[in-house]
Amino acid sequence: MPLLNILRFPDPRLHKIAKPVAVFDDRLKKLVADMAETMYEAPGVGLAATQVDVHERVIVIDTSETRDDLRVFINPEIVWASPDKCLYEEGCLSVPGVYDGVERPSRVKARALDVEGRPFEVEADGLLAVCIQHEMDHLMGKVFVEYLSPLKRNRIKQKLLKEEREEKRQAQKAVAR
Ligand code: K1U
Ligand code: ZN
């Protein structure tokens, strides 16, 4: 199965709002399988369809240490969030090499459909709660750096643009050889 290309901040496509999934067919199963493979290979603990330029409400998450507990959330909603917050050092596959603290509700209850269209609910805390909220932000076109100060965000943007220019330069050099 092919690995999918992960969009990098500040790509404007990361700010598109995802639409609900309406059809639960083999195309959706293939998208989920490709997203899971891409997340495991990256490696990451989550991936939202927005990050692979598919603007539908699909998330994959595996926060287990053994990397064998894939969770798939189609059309997820947060139905309850705790009033207590926690600060977690977040990362993002679309913002490689950058980790920073984000404060979010420490526990959430999410409702979603599985890949067959069956509804389920999950109550989450710890990394799973952080990850569900982080991935659901992606579906709304929000990247975690938007919680940081404009100064930090701009520094991250310039750093990633510089890295992208350097990668393109190296690729052109390799073609010219
Ligand atoms: O959405 C993404 O880009 C995935 C992101 C999820 C996430 C991680 C940490 C806090 C909030 C959200 C990542 O997976 S970043 C990579 C990462 O944290 C990790 C990778 C391998 C093992 C353990 C963690
Ligand atoms: Zn992310």
# chains A, B, ... in the order shown; residues from 1 in each chain; ligands from 1
$ residues_near_ligand --ligand "ligand 1" --cutoff "10 Å" --atoms "only C-alpha atoms and all ligand atoms" --output "ChimeraX atom specification"
/A:6-8,39-51,59-65,67,88-102,126-138,143-144
$ write_last_selection --atoms "C-alpha atoms" --output "JSON list (two decimals), in the first residue's frame"
[["chain", "number", "residue", "atom", "x", "y", "z"],
["A", 6, "ILE", "CA", 2.27, 14.58, 4.45],
["A", 7, "LEU", "CA", 1.68, 18.31, 3.89],
["A", 8, "ARG", "CA", 4.03, 20.59, 5.80],
["A", 39, "MET", "CA", 1.38, 7.21, 10.43],
["A", 40, "TYR", "CA", 3.32, 4.08, 11.52],
["A", 41, "GLU", "CA", 6.11, 4.73, 9.04],
["A", 42, "ALA", "CA", 6.51, 8.45, 9.94],
["A", 43, "PRO", "CA", 6.45, 7.50, 12.89],
["A", 44, "GLY", "CA", 3.56, 9.26, 14.58],
["A", 45, "VAL", "CA", 0.81, 8.55, 17.09],
["A", 46, "GLY", "CA", -1.92, 10.12, 14.97],
["A", 47, "LEU", "CA", -2.77, 11.41, 11.51],
["A", 48, "ALA", "CA", -5.71, 13.39, 10.14],
["A", 49, "ALA", "CA", -6.84, 13.11, 6.50],
["A", 50, "THR", "CA", -6.25, 16.87, 6.07],
["A", 51, "GLN", "CA", -2.51, 16.23, 6.52],
["A", 59, "ILE", "CA", -8.51, 10.28, 11.80],
["A", 60, "VAL", "CA", -6.21, 7.39, 12.70],
["A", 61, "ILE", "CA", -4.55, 7.15, 16.13],
["A", 62, "ASP", "CA", -2.31, 4.62, 17.88],
["A", 63, "THR", "CA", -0.91, 5.78, 21.22],
["A", 64, "SER", "CA", 0.03, 2.26, 22.39],
["A", 65, "GLU", "CA", 3.68, 1.46, 23.15],
["A", 67, "ARG", "CA", 2.01, 0.07, 18.09],
["A", 88, "TYR", "CA", 1.37, 18.71, 26.94],
["A", 89, "GLU", "CA", 4.47, 19.03, 24.79],
["A", 90, "GLU", "CA", 2.93, 18.44, 21.35],
["A", 91, "GLY", "CA", 4.52, 17.52, 18.05],
["A", 92, "CYS", "CA", 3.07, 17.31, 14.56],
["A", 93, "LEU", "CA", 4.07, 15.37, 11.47],
["A", 94, "SER", "CA", 3.19, 18.50, 9.46],
["A", 95, "VAL", "CA", 5.59, 20.59, 11.57],
["A", 96, "PRO", "CA", 8.64, 18.29, 11.70],
["A", 97, "GLY", "CA", 11.20, 18.85, 14.44],
["A", 98, "VAL", "CA", 9.03, 21.25, 16.46],
["A", 99, "TYR", "CA", 7.63, 20.43, 19.90],
["A", 100, "ASP", "CA", 5.92, 22.94, 22.19],
["A", 101, "GLY", "CA", 3.49, 23.08, 25.11],
["A", 102, "VAL", "CA", -0.24, 23.36, 24.41],
["A", 126, "GLY", "CA", -3.50, 11.41, 28.81],
["A", 127, "LEU", "CA", -1.89, 11.23, 25.36],
["A", 128, "LEU", "CA", -5.03, 9.78, 23.74],
["A", 129, "ALA", "CA", -7.10, 12.81, 24.85],
["A", 130, "VAL", "CA", -4.40, 15.19, 23.59],
["A", 131, "CYS", "CA", -4.11, 13.33, 20.30],
["A", 132, "ILE", "CA", -7.89, 13.22, 19.64],
["A", 133, "GLN", "CA", -8.08, 17.02, 20.16],
["A", 134, "HIS", "CA", -4.94, 17.68, 18.08],
["A", 135, "GLU", "CA", -6.24, 15.56, 15.16],
["A", 136, "MET", "CA", -9.72, 17.09, 15.36],
["A", 137, "ASP", "CA", -8.13, 20.52, 15.10],
["A", 138, "HIS", "CA", -6.49, 19.37, 11.85],
["A", 143, "VAL", "CA", -2.37, 23.41, 13.22],
["A", 144, "PHE", "CA", -1.02, 23.28, 16.81]]
$ residues_around --residues "Ser82 (chain A)" --least-positions-apart "4" --cutoff "12 Å" --atoms "only C-alpha atoms" --output "list in words"
Ile78, Cys86, Arg104, Pro105, Ser106, Arg107, Val108, Lys109, Ala110, Glu123, Ala124, Asp125 and Ala129 of chain A
$ write_last_selection --atoms "N, CA, C and O atoms" --output "short mmCIF file (atom, residue, chain, number, x, y, z; two decimals), in the first residue's frame"
data_model
loop_
_atom_site.label_atom_id
_atom_site.label_comp_id
_atom_site.auth_asym_id
_atom_site.auth_seq_id
_atom_site.Cartn_x
_atom_site.Cartn_y
_atom_site.Cartn_z
N ILE A 78 -16.45 15.88 19.61
CA ILE A 78 -16.17 15.86 21.05
C ILE A 78 -17.49 16.21 21.74
O ILE A 78 -18.04 17.29 21.51
N CYS A 86 -4.67 20.35 30.87
CA CYS A 86 -3.30 19.90 31.08
C CYS A 86 -2.42 20.47 29.96
O CYS A 86 -2.90 20.76 28.86
N ARG A 104 -4.81 22.05 26.94
CA ARG A 104 -6.13 21.59 26.45
C ARG A 104 -6.87 20.90 27.60
O ARG A 104 -6.23 20.50 28.58
N PRO A 105 -8.18 20.66 27.46
CA PRO A 105 -8.89 19.86 28.46
C PRO A 105 -8.19 18.52 28.67
O PRO A 105 -7.77 17.88 27.70
N SER A 106 -8.02 18.09 29.94
CA SER A 106 -7.26 16.86 30.18
C SER A 106 -8.03 15.60 29.82
O SER A 106 -7.42 14.57 29.55
N ARG A 107 -9.37 15.66 29.83
CA ARG A 107 -10.15 14.47 29.47
C ARG A 107 -11.25 14.88 28.49
O ARG A 107 -11.80 15.99 28.62
N VAL A 108 -11.54 14.00 27.56
CA VAL A 108 -12.63 14.26 26.61
C VAL A 108 -13.43 12.98 26.37
O VAL A 108 -12.91 11.87 26.52
N LYS A 109 -14.69 13.19 25.98
CA LYS A 109 -15.49 12.06 25.49
C LYS A 109 -15.74 12.35 24.01
O LYS A 109 -16.24 13.44 23.67
N ALA A 110 -15.36 11.39 23.15
CA ALA A 110 -15.55 11.59 21.70
C ALA A 110 -16.54 10.56 21.18
O ALA A 110 -16.60 9.42 21.66
N GLU A 123 -13.97 7.49 26.04
CA GLU A 123 -13.57 8.48 27.03
C GLU A 123 -12.07 8.40 27.14
O GLU A 123 -11.53 7.30 27.33
N ALA A 124 -11.41 9.52 26.97
CA ALA A 124 -9.95 9.48 26.88
C ALA A 124 -9.30 10.45 27.85
O ALA A 124 -9.86 11.51 28.15
N ASP A 125 -8.12 10.05 28.34
CA ASP A 125 -7.28 10.98 29.10
C ASP A 125 -5.84 10.81 28.60
O ASP A 125 -5.60 10.05 27.67
N ALA A 129 -6.23 11.61 24.83
CA ALA A 129 -7.10 12.81 24.85
C ALA A 129 -6.44 13.96 24.07
O ALA A 129 -7.09 14.66 23.30
#
$ atom_distance --atom1 "CA of Lys142 (chain A)" --atom2 "CA of Glu166 (chain A)"
26.0 Å
$ residues_around --residues "Asn75 (chain A)" --least-positions-apart "3" --cutoff "7 Å" --atoms "only C-alpha atoms" --output "ChimeraX atom specification"
/A:20-21,57-58,112-113
